[in-house]
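Below: the structure, in structure tokens.
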Amino acid sequence: MRGAGWYVIQVETGREHVACEAILRACDNVQEGGNTGRTVLHECFSPRYRTQFKLHGEWHDEERLLLPGYVVAVTADPWGLARILRRVSGLTRILTMGETFVPLSDDDRNWIERWTTKGDRVIPMSVAYKEGDKIVVAEGPLKGLEAMITQVKRRQNLAKLEIHAGQMTIRTTVGLAVLPEKVEETKD
């Protein structure tokens, strides 16, 4: 849906999945001016990221929320979606700048779209290595985007970064494994 914007909706933290289901249900039950709510809302999701953690000496895969307290709604009609959100119980508010609904920046939207697909909005883990005092991302979603990284937590396999919606900045975390040194690719 290229014509539709990706709007960030603030929801109760810890209830992102429940909020998505409630929003989708509200859209299924709406009939306004010949349009159903499903023509207003193309997709609603709570983006996640994949990381690993070590427990008793073994690595385990885990998925975590990319934007805790927020969900993303794909719509070409944010005003229609805002009307539908009034029917949803609990906190569901589209982020605004004054009176204007603000979508995710094109760069951040493209970054999420590049690494996920509709129905599977999970960002894979990146792999990096240390080169002197800096971190160089060798593969994954953060490759070439080292400037977005504000902090690296090596022991937790996490990188902190910022995502933008208009002039608002949302700080988030993604999976990043940092190897002690560059691993040379072997050719068979």
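Letters A, B, ... mark the chains of the structure tokens in the order given; residue numbers begin at 1 per chain; ligand numbers begin at 1, in order shown.
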
Please return, as a PDB file with C-alpha atoms, in the first residue's frame, all residues of range 28-162 of chain A that DSSP assigns to strand (DSSP E or B) on the basis of the backbone.
```pdb
ATOM      1  CA  GLN A  31     -19.929   0.919   8.235  1.00  0.00           C
ATOM      2  CA  GLU A  32     -19.629   4.632   7.375  1.00  0.00           C
ATOM      3  CA  ASN A  35     -17.126   2.253   3.468  1.00  0.00           C
ATOM      4  CA  THR A  36     -16.234  -0.436   5.928  1.00  0.00           C
ATOM      5  CA  LEU A  41      -7.345   0.269   7.878  1.00  0.00           C
ATOM      6  CA  HIS A  42      -5.090  -1.883   5.685  1.00  0.00           C
ATOM      7  CA  GLU A  43      -2.930  -3.342   8.450  1.00  0.00           C
ATOM      8  CA  CYS A  44      -2.379  -2.963  12.176  1.00  0.00           C
ATOM      9  CA  PHE A  45       0.667  -4.490  13.833  1.00  0.00           C
ATOM     10  CA  ARG A  48       8.950  -6.843  16.977  1.00  0.00           C
ATOM     11  CA  TYR A  49      12.637  -7.627  16.763  1.00  0.00           C
ATOM     12  CA  ARG A  50      14.569 -10.847  17.173  1.00  0.00           C
ATOM     13  CA  THR A  51      17.471 -11.190  19.600  1.00  0.00           C
ATOM     14  CA  GLN A  52      19.206 -13.863  21.641  1.00  0.00           C
ATOM     15  CA  PHE A  53      19.919 -14.255  25.315  1.00  0.00           C
ATOM     16  CA  LYS A  54      22.150 -16.654  27.163  1.00  0.00           C
ATOM     17  CA  LEU A  55      20.683 -18.873  29.880  1.00  0.00           C
ATOM     18  CA  GLU A  58      22.985 -21.819  26.017  1.00  0.00           C
ATOM     19  CA  TRP A  59      21.763 -19.221  23.535  1.00  0.00           C
ATOM     20  CA  HIS A  60      17.982 -18.832  23.135  1.00  0.00           C
ATOM     21  CA  ASP A  61      16.103 -16.880  20.437  1.00  0.00           C
ATOM     22  CA  GLU A  62      13.565 -14.329  21.623  1.00  0.00           C
ATOM     23  CA  GLU A  63      11.204 -11.816  20.040  1.00  0.00           C
ATOM     24  CA  ARG A  64      10.602  -8.487  21.777  1.00  0.00           C
ATOM     25  CA  LEU A  65       8.533  -5.389  21.059  1.00  0.00           C
ATOM     26  CA  TYR A  70       2.807   1.763  20.336  1.00  0.00           C
ATOM     27  CA  VAL A  71       1.288  -0.040  17.357  1.00  0.00           C
ATOM     28  CA  VAL A  72       1.473   0.885  13.673  1.00  0.00           C
ATOM     29  CA  ALA A  73      -1.641   1.361  11.545  1.00  0.00           C
ATOM     30  CA  VAL A  74      -1.420   1.442   7.755  1.00  0.00           C
ATOM     31  CA  THR A  75      -4.102   3.757   6.389  1.00  0.00           C
ATOM     32  CA  THR A  92      -5.659   4.314  21.389  1.00  0.00           C
ATOM     33  CA  ARG A  93      -4.427   7.674  20.127  1.00  0.00           C
ATOM     34  CA  ILE A  94      -2.735   8.447  16.791  1.00  0.00           C
ATOM     35  CA  THR A  96      -0.135  14.130  16.130  1.00  0.00           C
ATOM     36  CA  MET A  97       1.821  17.289  15.597  1.00  0.00           C
ATOM     37  CA  THR A 100      -1.995  16.961  11.990  1.00  0.00           C
ATOM     38  CA  PHE A 101      -1.564  13.189  12.149  1.00  0.00           C
ATOM     39  CA  PRO A 103       3.178   9.133   9.874  1.00  0.00           C
ATOM     40  CA  LEU A 104       6.474   7.354  10.431  1.00  0.00           C
ATOM     41  CA  THR A 117       6.546  -8.597   5.476  1.00  0.00           C
ATOM     42  CA  ASP A 120       5.420 -11.162   9.846  1.00  0.00           C
ATOM     43  CA  VAL A 122       9.714  -9.148  13.034  1.00  0.00           C
ATOM     44  CA  ILE A 123      13.068  -7.467  12.385  1.00  0.00           C
ATOM     45  CA  SER A 126      22.094  -7.963  13.026  1.00  0.00           C
ATOM     46  CA  VAL A 127      25.686  -9.146  13.384  1.00  0.00           C
ATOM     47  CA  ALA A 128      28.604  -6.773  13.925  1.00  0.00           C
ATOM     48  CA  TYR A 129      32.261  -6.827  14.914  1.00  0.00           C
ATOM     49  CA  LYS A 130      34.604  -4.436  16.682  1.00  0.00           C
ATOM     50  CA  GLU A 131      37.127  -2.534  14.613  1.00  0.00           C
ATOM     51  CA  LYS A 134      33.887   1.384  16.612  1.00  0.00           C
ATOM     52  CA  ILE A 135      31.249  -1.195  15.795  1.00  0.00           C
ATOM     53  CA  VAL A 136      30.900  -2.252  12.137  1.00  0.00           C
ATOM     54  CA  VAL A 137      27.667  -4.025  11.210  1.00  0.00           C
ATOM     55  CA  ALA A 138      28.497  -6.903   8.863  1.00  0.00           C
ATOM     56  CA  GLU A 139      24.987  -8.196   8.129  1.00  0.00           C
ATOM     57  CA  ILE A 149      22.821   3.369  16.789  1.00  0.00           C
ATOM     58  CA  THR A 150      22.996   5.437  19.966  1.00  0.00           C
ATOM     59  CA  GLN A 151      24.223   2.691  22.329  1.00  0.00           C
ATOM     60  CA  VAL A 152      25.333  -0.955  22.168  1.00  0.00           C
ATOM     61  CA  LYS A 153      24.761  -3.425  24.993  1.00  0.00           C
ATOM     62  CA  LEU A 158      21.090  -5.180  21.909  1.00  0.00           C
ATOM     63  CA  ALA A 159      21.519  -1.892  20.065  1.00  0.00           C
ATOM     64  CA  LYS A 160      19.571   1.228  21.006  1.00  0.00           C
ATOM     65  CA  LEU A 161      18.443   3.485  18.179  1.00  0.00           C
ATOM     66  CA  GLU A 162      15.909   6.155  17.289  1.00  0.00           C
TER      67      GLU A 162
END
```

For CA of Gln10 in chain A and CA of Lys143 in chain A, determine how far apart the two atoms are, in Å to one decimal place. 28.8 Å

What's around range 83-88 of chain A at 9 Å? Count only C-alpha atoms, leave out sequence neighbours fewer than 4 positions away in its own chain, and write the answer as a PyMOL selection string. chain A and resi 19+22-23+25-27+30+37+78-79+92-94

Residue with smallest distance to Gly132 in chain A - pool A:Ala165, A:Gly3, A:Asp28, A:Pro180, counting only C-alpha atoms: A:Pro180

CA of Pro68 in chain A to CA of Asn29 in chain A, distance in Å rounded to a single decimal: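 Those two atoms sit 26.8 Å apart.
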
Go through range 25-163 of chain A and collect every residue that DSSP, computed from the backbone, puts in helix (DSSP H, G or I); the answer should be as JSON, numbers by chain. {"A": [25, 26, 27, 28, 37, 38, 39, 40, 78, 79, 80, 81, 82, 83, 84, 85, 106, 107, 108, 109, 110, 111, 112, 113, 114, 115, 146, 147, 148, 154, 155, 156]}

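Between CA of Leu142 in chain A and CA of Arg155 in chain A the interatomic distance comes to 17.9 Å.
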
What lies within 7 Å of range 106-110 of chain A using only C-alpha atoms, ignoring chain neighbours under 4 positions off, as a list in words?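 Within the cut-off, the hits are Arg114, Ile163 and His164 of chain A.
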